[in-house]
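Containing mmCIF, C-alpha atoms: data-v7.cif.
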data_protein
#
loop_
_atom_site.label_atom_id
_atom_site.label_comp_id
_atom_site.auth_asym_id
_atom_site.auth_seq_id
_atom_site.Cartn_x
_atom_site.Cartn_y
_atom_site.Cartn_z
CA MET M 1 63.60 138.70 83.74
CA MET M 2 67.31 139.47 83.96
CA GLU M 3 69.79 136.64 84.24
CA ALA M 4 72.30 136.70 87.09
CA ILE M 5 75.67 137.93 85.99
CA ARG M 6 78.37 135.38 86.71
CA LYS M 7 81.23 136.74 88.79
CA SER M 8 84.77 136.04 87.69
CA ALA M 9 86.86 133.83 89.92
CA VAL M 10 88.97 136.78 91.02
CA GLU M 11 85.85 138.58 92.32
CA ILE M 12 84.63 135.69 94.46
CA GLU M 13 85.45 135.67 98.18
CA LYS M 14 84.35 133.11 100.71
CA GLY M 15 83.03 135.61 103.21
CA GLY M 16 81.60 134.43 106.52
CA LEU M 17 80.19 130.90 106.55
CA PRO M 18 77.92 129.76 109.41
CA VAL M 19 79.12 126.56 111.07
CA LEU M 20 77.30 124.63 113.79
CA VAL M 21 79.44 123.87 116.83
CA LEU M 22 78.46 120.96 119.08
CA SER M 23 80.08 120.37 122.46
CA GLU M 24 80.64 117.02 124.16
CA ALA M 25 77.50 117.64 126.24
CA ASP M 26 75.53 118.38 123.07
CA VAL M 27 76.74 115.19 121.42
CA LYS M 28 75.93 113.04 124.45
CA GLY M 29 72.40 114.41 124.57
CA LEU M 30 71.78 113.83 120.87
CA ILE M 31 72.92 110.21 120.42
CA ASP M 32 70.29 107.49 120.73
CA PRO M 33 72.19 104.20 121.35
CA LEU M 34 69.57 101.94 119.76
CA GLN M 35 69.37 104.19 116.70
CA LEU M 36 73.16 104.14 116.51
CA LEU M 37 73.28 100.33 116.56
CA ASP M 38 70.83 100.09 113.66
CA ALA M 39 72.60 102.86 111.72
CA LEU M 40 75.94 101.08 112.18
CA ALA M 41 74.41 97.86 110.87
CA ASP M 42 73.40 99.75 107.72
CA GLY M 43 76.87 101.30 107.60
CA PHE M 44 78.61 97.94 107.76
CA ARG M 45 76.40 96.63 104.94
CA ASP M 46 77.26 99.68 102.81
CA LEU M 47 80.95 99.39 103.66
CA SER M 48 81.09 95.77 102.54
CA ALA M 49 79.18 96.64 99.38
CA GLY M 50 81.74 99.31 98.45
CA LEU M 51 79.33 102.20 98.93
CA VAL M 52 81.45 104.02 101.53
CA GLN M 53 84.63 105.90 100.73
CA ALA M 54 87.04 105.56 103.66
CA PRO M 55 90.69 105.85 102.65
CA GLU M 56 93.55 104.57 104.77
CA ARG M 57 94.23 106.74 107.81
CA PRO M 58 97.56 108.59 107.94
CA GLU M 59 99.43 108.96 111.22
CA ILE M 60 101.57 111.71 112.69
CA THR M 61 103.80 110.53 115.52
CA ILE M 62 104.98 112.85 118.28
CA PRO M 63 108.06 111.12 119.77
CA ARG M 64 107.58 110.02 123.39
CA LYS M 65 104.20 111.78 123.48
CA GLY M 66 101.57 110.20 121.24
CA PHE M 67 100.13 110.02 117.76
CA SER M 68 97.43 111.66 115.64
CA LEU M 69 95.21 109.91 113.08
CA ALA M 70 93.09 111.52 110.35
CA MET M 71 89.98 109.54 109.36
CA PRO M 72 87.81 110.81 106.44
CA ALA M 73 84.72 109.07 105.08
CA TRP M 74 81.70 109.68 102.86
CA ARG M 75 78.75 107.93 101.28
CA VAL M 76 75.86 109.21 99.18
CA GLY M 77 73.18 110.91 101.25
CA MET M 78 75.52 111.98 104.04
CA SER M 79 77.78 114.91 104.81
CA ILE M 80 81.50 114.34 104.37
CA ALA M 81 83.08 113.51 107.74
CA VAL M 82 86.70 114.01 108.73
CA LYS M 83 87.79 112.99 112.21
CA VAL M 84 91.13 113.75 113.83
CA VAL M 85 91.82 111.58 116.86
CA ASN M 86 94.86 112.07 119.07
CA VAL M 87 96.15 109.36 121.41
CA PHE M 88 98.43 110.64 124.17
CA GLU M 89 98.94 108.17 127.03
CA ALA M 90 100.27 110.67 129.57
CA ASN M 91 96.99 112.60 129.44
CA LEU M 92 95.63 110.27 132.11
CA ASP M 93 98.20 111.68 134.55
CA ILE M 94 96.82 115.20 134.10
CA GLY M 95 93.13 114.35 134.17
CA LEU M 96 92.47 114.20 130.42
CA PRO M 97 91.31 111.22 128.33
CA ASN M 98 94.10 109.50 126.43
CA HIS M 99 91.92 109.73 123.31
CA LEU M 100 90.82 113.21 122.18
CA ALA M 101 89.01 113.85 118.91
CA THR M 102 87.07 116.35 116.83
CA ILE M 103 84.88 115.70 113.79
CA ASN M 104 84.24 118.14 110.95
CA LEU M 105 81.30 117.77 108.58
CA PHE M 106 81.23 119.26 105.07
CA ASP M 107 78.45 119.80 102.53
CA PRO M 108 78.91 117.16 99.81
CA SER M 109 77.48 119.56 97.21
CA THR M 110 79.90 122.43 97.78
CA GLY M 111 82.54 121.26 100.26
CA ALA M 112 81.55 124.09 102.60
CA PRO M 113 82.00 123.39 106.32
CA GLN M 114 78.75 122.58 108.11
CA CYS M 115 79.62 121.46 111.61
CA VAL M 116 82.45 121.04 114.11
CA MET M 117 81.65 118.62 116.90
CA ASP M 118 83.33 116.86 119.76
CA GLY M 119 84.59 113.51 118.54
CA THR M 120 85.87 112.10 121.81
CA TYR M 121 82.49 110.80 122.95
CA ILE M 122 81.57 109.65 119.44
CA THR M 123 84.82 107.67 119.21
CA ALA M 124 84.02 106.00 122.51
CA ILE M 125 80.42 105.09 121.82
CA ARG M 126 80.76 104.12 118.15
CA THR M 127 83.66 101.78 119.00
CA ALA M 128 81.71 100.04 121.73
CA ALA M 129 78.52 100.05 119.65
CA SER M 130 80.26 98.29 116.77
CA ALA M 131 81.54 95.59 119.13
CA VAL M 132 78.11 95.24 120.73
CA LEU M 133 76.60 95.02 117.25
CA SER M 134 78.86 92.01 116.71
CA VAL M 135 77.43 90.55 119.93
CA ARG M 136 73.93 91.06 118.53
CA GLU M 137 74.81 89.39 115.23
CA LEU M 138 77.17 86.61 116.33
CA SER M 139 76.63 85.54 119.94
CA ARG M 140 74.22 82.77 120.81
CA THR M 141 70.75 84.18 121.44
CA GLU M 142 70.58 82.41 124.79
CA SER M 143 73.75 84.12 126.04
CA ARG M 144 73.27 85.21 129.65
CA THR M 145 76.74 85.95 131.04
CA ALA M 146 79.29 88.46 129.75
CA THR M 147 82.75 89.53 130.88
CA ILE M 148 84.25 92.91 130.05
CA VAL M 149 88.02 93.12 130.38
CA GLY M 150 88.84 96.79 130.88
CA ALA M 151 87.21 99.36 133.14
CA GLY M 152 88.04 102.59 131.34
CA VAL M 153 86.10 104.53 128.73
CA GLN M 154 85.46 101.47 126.56
CA GLY M 155 84.53 99.32 129.53
CA ARG M 156 81.93 101.88 130.55
CA GLN M 157 80.43 102.12 127.07
CA HIS M 158 80.30 98.34 126.68
CA LEU M 159 78.53 98.01 130.01
CA ASN M 160 75.91 100.56 128.94
CA LEU M 161 75.29 98.99 125.53
CA LEU M 162 75.47 95.21 126.10
CA PRO M 163 72.04 95.00 127.79
CA LEU M 164 70.48 96.46 124.64
CA VAL M 165 71.24 93.34 122.58
CA ARG M 166 71.02 90.38 125.01
CA ASP M 167 69.15 89.72 128.25
CA PHE M 168 72.22 89.20 130.41
CA ASP M 169 71.81 87.94 133.97
CA GLU M 170 75.32 89.08 134.92
CA ILE M 171 77.99 91.28 133.38
CA ARG M 172 81.40 90.82 134.95
CA VAL M 173 83.99 93.58 134.91
CA ALA M 174 87.72 92.90 135.21
CA SER M 175 90.54 95.41 135.20
CA LEU M 176 94.26 95.65 135.78
CA TYR M 177 93.30 97.87 138.71
CA HIS M 178 90.54 96.08 140.63
CA GLU M 179 89.35 99.31 142.22
CA ASP M 180 88.48 100.58 138.73
CA ALA M 181 86.40 97.44 138.11
CA ILE M 182 84.59 97.99 141.40
CA SER M 183 83.83 101.62 140.52
CA LEU M 184 82.47 100.70 137.10
CA ALA M 185 80.41 97.77 138.36
CA LYS M 186 78.63 100.07 140.81
CA THR M 187 77.11 101.96 137.87
CA HIS M 188 74.96 99.05 136.65
CA PRO M 189 72.64 96.73 138.59
CA LYS M 190 73.71 93.60 136.69
CA ALA M 191 77.45 94.27 136.89
CA VAL M 192 79.90 92.68 139.30
CA ALA M 193 83.63 93.28 139.67
CA VAL M 194 85.80 90.17 139.44
CA VAL M 195 89.41 89.41 140.30
CA ASN M 196 89.82 85.99 138.70
CA VAL M 197 89.76 86.83 134.98
CA GLU M 198 90.41 83.26 133.88
CA GLN M 199 87.39 81.94 135.77
CA ALA M 200 85.18 84.79 134.56
CA VAL M 201 86.13 84.31 130.91
CA GLY M 202 85.86 80.52 131.14
CA THR M 203 82.25 80.68 132.32
CA SER M 204 81.03 83.49 130.04
CA ASP M 205 78.95 83.40 126.87
CA VAL M 206 80.32 86.73 125.67
CA VAL M 207 83.78 88.22 126.32
CA CYS M 208 84.52 91.85 125.44
CA LEU M 209 88.14 92.97 125.43
CA ALA M 210 88.02 96.71 125.98
CA SER M 211 91.46 97.65 127.25
CA HIS M 212 94.36 99.69 125.98
CA SER M 213 96.84 96.94 126.75
CA TYR M 214 100.01 96.42 124.76
CA GLN M 215 99.94 92.69 125.54
CA PRO M 216 97.20 90.02 125.61
CA VAL M 217 94.81 90.38 128.54
CA ILE M 218 93.41 86.82 128.34
CA GLU M 219 94.64 83.42 127.17
CA ALA M 220 93.02 81.60 124.28
CA GLY M 221 92.61 78.46 126.36
CA TRP M 222 90.32 80.26 128.79
CA VAL M 223 87.60 80.74 126.15
CA ARG M 224 85.04 77.95 126.14
CA PRO M 225 83.25 76.62 123.03
CA GLY M 226 80.27 78.72 121.93
CA THR M 227 81.65 82.01 123.23
CA HIS M 228 81.61 85.23 121.24
CA VAL M 229 84.68 87.41 121.77
CA SER M 230 85.10 91.03 120.69
CA SER M 231 88.26 93.11 120.86
CA VAL M 232 88.45 96.87 120.30
CA GLY M 233 91.84 97.72 121.80
CA TYR M 234 94.37 99.42 119.52
CA ALA M 235 97.87 99.28 121.01
CA PRO M 236 100.55 98.23 118.52
CA PRO M 237 102.95 96.53 118.13
CA SER M 238 101.21 93.70 120.04
CA GLY M 239 97.77 94.39 121.53
CA GLU M 240 95.19 92.92 123.90
CA LEU M 241 94.08 89.92 121.80
CA PRO M 242 95.98 86.60 122.10
CA ARG M 243 96.91 85.52 118.60
CA GLU M 244 96.32 81.87 119.48
CA LEU M 245 92.60 82.64 119.69
CA LEU M 246 92.62 83.29 115.95
CA ASP M 247 93.46 79.62 115.38
CA ILE M 248 90.40 78.30 117.20
CA SER M 249 87.72 80.82 116.23
CA LYS M 250 85.84 82.21 113.25
CA LEU M 251 87.14 85.72 112.64
CA PHE M 252 85.07 88.78 111.67
CA VAL M 253 86.50 92.20 110.78
CA GLU M 254 85.29 95.60 109.59
CA THR M 255 87.25 95.63 106.31
CA ALA M 256 90.14 93.80 104.67
CA ASP M 257 92.34 96.72 105.76
CA ALA M 258 92.34 95.11 109.22
CA PHE M 259 95.17 92.90 107.98
CA LYS M 260 97.42 95.80 107.04
CA SER M 261 100.12 97.06 109.35
CA PRO M 262 99.21 99.76 111.90
CA PRO M 263 98.15 102.56 111.83
CA VAL M 264 95.75 101.28 109.17
CA GLY M 265 95.15 97.77 110.46
CA CYS M 266 95.33 95.60 113.58
CA ALA M 267 98.65 94.59 115.05
CA GLU M 268 97.22 91.23 116.17
CA LEU M 269 96.26 90.33 112.58
CA LYS M 270 99.57 91.23 110.94
CA GLY M 271 100.84 88.34 108.85
CA ARG M 272 97.55 86.45 108.94
CA ASP M 273 95.80 85.18 105.81
CA ILE M 274 93.05 87.64 104.86
CA SER M 275 90.93 84.79 103.48
CA THR M 276 90.41 83.50 107.02
CA ALA M 277 88.17 86.48 107.89
CA THR M 278 84.56 87.40 107.17
CA LEU M 279 83.43 91.00 106.84
CA LEU M 280 80.85 91.84 109.49
CA GLY M 281 78.85 93.71 106.85
CA ASP M 282 78.67 90.60 104.66
CA THR M 283 77.17 88.68 107.58
CA ILE M 284 74.66 91.42 108.33
CA SER M 285 73.57 91.54 104.68
CA GLY M 286 73.29 87.76 104.48
CA LYS M 287 76.01 87.47 101.86
CA ARG M 288 78.12 85.26 104.12
CA SER M 289 77.27 83.13 107.14
CA GLY M 290 77.84 84.25 110.71
CA ARG M 291 77.89 81.79 113.57
CA GLU M 292 77.76 78.27 112.13
CA SER M 293 77.18 76.19 115.26
CA ALA M 294 76.38 76.54 118.95
CA ALA M 295 79.87 75.31 119.83
CA GLN M 296 81.78 77.63 117.50
CA ILE M 297 83.88 80.44 118.98
CA THR M 298 83.26 83.65 117.05
CA LEU M 299 85.70 86.56 117.21
CA TYR M 300 85.26 90.19 116.14
CA LYS M 301 88.50 92.17 115.95
CA ALA M 302 87.99 95.89 115.41
CA MET M 303 90.51 98.38 114.09
CA GLY M 304 88.09 101.30 114.09
CA VAL M 305 86.99 102.61 110.70
CA ALA M 306 85.88 106.07 109.61
CA MET M 307 82.51 104.73 108.46
CA GLU M 308 81.58 104.45 112.13
CA ASP M 309 82.40 108.13 112.72
CA LEU M 310 80.57 109.10 109.53
CA VAL M 311 77.38 107.35 110.61
CA ALA M 312 77.45 108.60 114.20
CA ALA M 313 78.34 112.20 113.31
CA ASN M 314 75.61 112.43 110.67
CA LEU M 315 73.06 111.13 113.18
CA VAL M 316 74.17 113.78 115.68
CA TYR M 317 74.13 116.58 113.10
CA SER M 318 70.64 115.67 111.91
CA ALA M 319 69.32 115.55 115.48
CA ALA M 320 70.98 118.87 116.32
CA LYS M 321 69.36 120.63 113.38
CA SER M 322 65.91 119.22 114.14
CA ARG M 323 66.13 120.14 117.84
CA GLY M 324 67.92 123.46 117.48
CA VAL M 325 70.91 122.35 119.57
CA GLY M 326 74.38 123.89 119.37
CA GLN M 327 76.02 127.25 118.69
CA ILE M 328 76.65 128.97 115.38
CA ALA M 329 80.15 130.23 114.65
CA THR M 330 81.16 132.19 111.56
CA LEU M 331 84.28 131.12 109.71
#
Could you express the structure from this file as C-alpha cells?
Amino acid sequence: MMEAIRKSAVEIEKGGLPVLVLSEADVKGLIDPLQLLDALADGFRDLSAGLVQAPERPEITIPRKGFSLAMPAWRVGMSIAVKVVNVFEANLDIGLPNHLATINLFDPSTGAPQCVMDGTYITAIRTAASAVLSVRELSRTESRTATIVGAGVQGRQHLNLLPLVRDFDEIRVASLYHEDAISLAKTHPKAVAVVNVEQAVGTSDVVCLASHSYQPVIEAGWVRPGTHVSSVGYAPPSGELPRELLDISKLFVETADAFKSPPVGCAELKGRDISTATLLGDTISGKRSGRESAAQITLYKAMGVAMEDLVAANLVYSAAKSRGVGQIATL
C-alpha cells in the first residue's frame, strides 16, 4: 500500500471551502429557549472555572456614528466563535436595529471556516437569557411580580423568557415612550403597560433593566427588600443602573472583567472594588453562595461576554446540521 506523498507548502492551495450560511430566520427557528438557558448555565460554570477562552473585546469607534466590537471565544468541544457586533444609534431612524451582528464559526482542529450566521438575534436572546438565568438562580422562588424597564429588543426578549423560570402573575412593562410599552404588553397575556415606574418597581419581586439609556432609569430607593434586579444595558459613560443600588445589594457579574473600563467592562462598575462581586458561574456551581436571605436585594449586572455567543452559536450550528437547515456557500 503506497503512502500519500506530502505536498510542499508552496504546492498547497486552499481551494473552495464549503461554509454553512444561516439567516436570521434560520437562527430564530433553531434556538430552543429552555435549552439555551441550561446551556448558558453550563457556560457560566465553565467560564468561572477558567475553561473558556474569551479575551478582552477590542473596539473600533466611528466618530458621531457608532462603534464595532469583536468578541472571540472558545472552549474544548465547541467550534471557535467570533462575533462582530456594531452599535449605531441612528439606525433606528432608518428602520434598522441599533445593534447588528454576525457570528463566524471555525473548526478547532484546522481553523477552517464552518459557518456564518446572523448574530443580531443571538445577541438579543443570549443577553436576555443570561439575565433571566440570574432570575432563575437568585430571585426568591415565590416571586410573582416582575417589572421590565425598556420596551425595545431586550424588553421583548425578557418578556418572552421570564415566564420560563418563575410563575409570574403579572409582568409590568415600562418605557420612556409609553406607547412602546403598550405595544409590547399586548404581545403577552400576563403583561401590562405601566406609567408609574417608581410604583411598579417598588411593588415587584423582580426588576429587569433592559434599556439603552445613558443615565439611570430607576432610583435605588425604589427597590424593596428581597427584590432581584438585573441590568443588561450597555451605554457608557454612565448607563441605566443607579450606582447607589450597588451599596445596598449583593452583586453578581459574568467575569471580573466587568470592573474594567468600557468597552471591556461596565461603566456603572468602574472604580468599584472587585471583591464586592460574586461570579454568577460560581453560584451556579455551588462554589459561592447566591441569595443569602429572603430580605436581601440581589443584583446581576451584565456586560455581555463572548461565552454567551459561543454557547448560543454552537447550539444553532448543531441544530442546523441535524435538521439540514441553511445554505452552503463556497469560499
> Which residues come within 8 Å of Arg75 in chain M, counting only C-alpha atoms, excluding same-chain residues fewer than 4 positions away, as a PyMOL selection string?
Replying inline: chain M and resi 51-53+79-80
Picked residues, the PyMOL selection byres ((chain M and resi 146) around 6), expected as an mmCIF file with C-alpha atoms, keeping the file's coordinate frame:
data_model
loop_
_atom_site.group_PDB
_atom_site.id
_atom_site.type_symbol
_atom_site.label_atom_id
_atom_site.label_comp_id
_atom_site.auth_asym_id
_atom_site.auth_seq_id
_atom_site.Cartn_x
_atom_site.Cartn_y
_atom_site.Cartn_z
ATOM 1 C CA THR M 145 76.740 85.950 131.040
ATOM 2 C CA THR M 147 82.750 89.530 130.880
ATOM 3 C CA ILE M 171 77.990 91.280 133.380
ATOM 4 C CA SER M 204 81.030 83.490 130.040
ATOM 5 C CA ASP M 205 78.950 83.400 126.870
ATOM 6 C CA VAL M 206 80.320 86.730 125.670
ATOM 7 C CA VAL M 207 83.780 88.220 126.320
#
Within 9 Å of Leu176 in chain M, counting all atoms listed in the file, which residues qualify if same-chain residues fewer than 4 places away don't, as a PDB file with C-alpha atoms, in the frame of the given file?
ATOM      1  CA  VAL M 149      88.020  93.120 130.380  1.00  0.00           C
ATOM      2  CA  GLY M 150      88.840  96.790 130.880  1.00  0.00           C
ATOM      3  CA  ALA M 151      87.210  99.360 133.140  1.00  0.00           C
ATOM      4  CA  ASP M 180      88.480 100.580 138.730  1.00  0.00           C
ATOM      5  CA  ALA M 181      86.400  97.440 138.110  1.00  0.00           C
ATOM      6  CA  VAL M 217      94.810  90.380 128.540  1.00  0.00           C
TER       7      VAL M 217
END
> What would the list of residues within 9 Å of (73.7, 87.3, 126.4) (file frame) look like as a list in words, if only C-alpha atoms are what count?
Replying inline: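 Taken together, the residues in range are Val135, Arg136, Ser139, Arg140, Thr141, Glu142, Ser143, Arg144, Thr145, Ala146, Leu162, Pro163, Val165, Arg166, Asp167, Phe168, Asp169, Glu170, Asp205 and Val206 of chain M.
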Please write the residues picked by the PyMOL selection byres ((chain M and resi 234-242) around 6) on this file as a PDB file with C-alpha atoms, in the frame of the given file.
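Dumped to out.pdb:
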ATOM      1  CA  SER M 213      96.840  96.940 126.750  1.00  0.00           C
ATOM      2  CA  TYR M 214     100.010  96.420 124.760  1.00  0.00           C
ATOM      3  CA  GLN M 215      99.940  92.690 125.540  1.00  0.00           C
ATOM      4  CA  PRO M 216      97.200  90.020 125.610  1.00  0.00           C
ATOM      5  CA  VAL M 217      94.810  90.380 128.540  1.00  0.00           C
ATOM      6  CA  GLY M 233      91.840  97.720 121.800  1.00  0.00           C
ATOM      7  CA  ARG M 243      96.910  85.520 118.600  1.00  0.00           C
ATOM      8  CA  GLU M 244      96.320  81.870 119.480  1.00  0.00           C
ATOM      9  CA  LEU M 245      92.600  82.640 119.690  1.00  0.00           C
ATOM     10  CA  ALA M 267      98.650  94.590 115.050  1.00  0.00           C
TER      11      ALA M 267
END
>> I want to know what sits within 8 Å of Val27 in chain M, based on only C-alpha atoms, with residues of the same chain fewer than 3 positions away left out; could you give that as an MDAnalysis selection string?
In response: chainID M and resid 22:24 30:31 117:118 121:122 316
> Applied to the shown file, which residues does the PyMOL selection byres ((chain M and resi 328) around 12) return, written as an MDAnalysis selection string?
Replying inline: chainID M and resid 16:23 113:117 320:321 324:327 329:331
Show me, as a tab-separated table, the residues of range 127-225 of chain M having an atom within 10 Å of range 251-262 of chain M, each with the closest atom pair and its distance in Å, using all atoms listed in the file.
residue	atom	partner	partner_atom	distance
M:Ser130	CA	M:Glu254	CA	9.2
M:Ser134	CA	M:Phe252	CA	8.6
M:Leu138	CA	M:Phe252	CA	9.4
> Leaving out Pro97 in chain M and any residue of its chain fewer than 3 positions from it, which residues lie within 9 Å of it when counting only C-alpha atoms, given as a PyMOL selection string?
Replying inline: chain M and resi 87-89+91-92+94+100+120+153
> Can you tell me how far CA of Ser48 in chain M sits from CA of Ala277 in chain M, in Å to one decimal?
Replying inline: 12.8 Å
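For the pair CA of Asn86 in chain M and CA of Ala313 in chain M, the interatomic distance is 17.5 Å.
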> Looking at all atoms listed in the file, which of M:Ser318, M:Thr276, M:Ser183, M:Ser230 is the one that sits closest to Leu133 in chain M?
Replying inline: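 Smallest separation from Leu133 in chain M among the options: M:Ser230.
Atom to atom, CA of Ile284 in chain M and CA of Asn160 in chain M stand 22.6 Å apart.
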> So which residues touch range 35-41 of chain M within 10 Å, counting all atoms listed in the file, skipping near sequence neighbours fewer than 4 positions away, as a ChimeraX atom specification?
Replying inline: /M:31,45-47,125-126,128-134,136-137,161,164-165,280-281,284-285,307-312,315-316
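If you measure from each of M:Ile62, M:Ala70, M:Ala49, M:Leu34 to Ala306 in chain M using all atoms listed in the file, the closest one turns out to be M:Ala70.
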> Quick one: of M:Gln199, M:Thr123, M:Asn98, M:Gly271, who's nearest to His212 in chain M, counting all atoms listed in the file?
Replying inline: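 Answer, going by the shortest atom-to-atom distance: M:Asn98.
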>> Restricting the calculation to all atoms listed in the file: of M:Lys287, M:Val232, M:Asn314, M:Ser249, which residue gets closest to Ala302 in chain M?
In response: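 For Ala302 in chain M, the nearest of the given residues is M:Val232.
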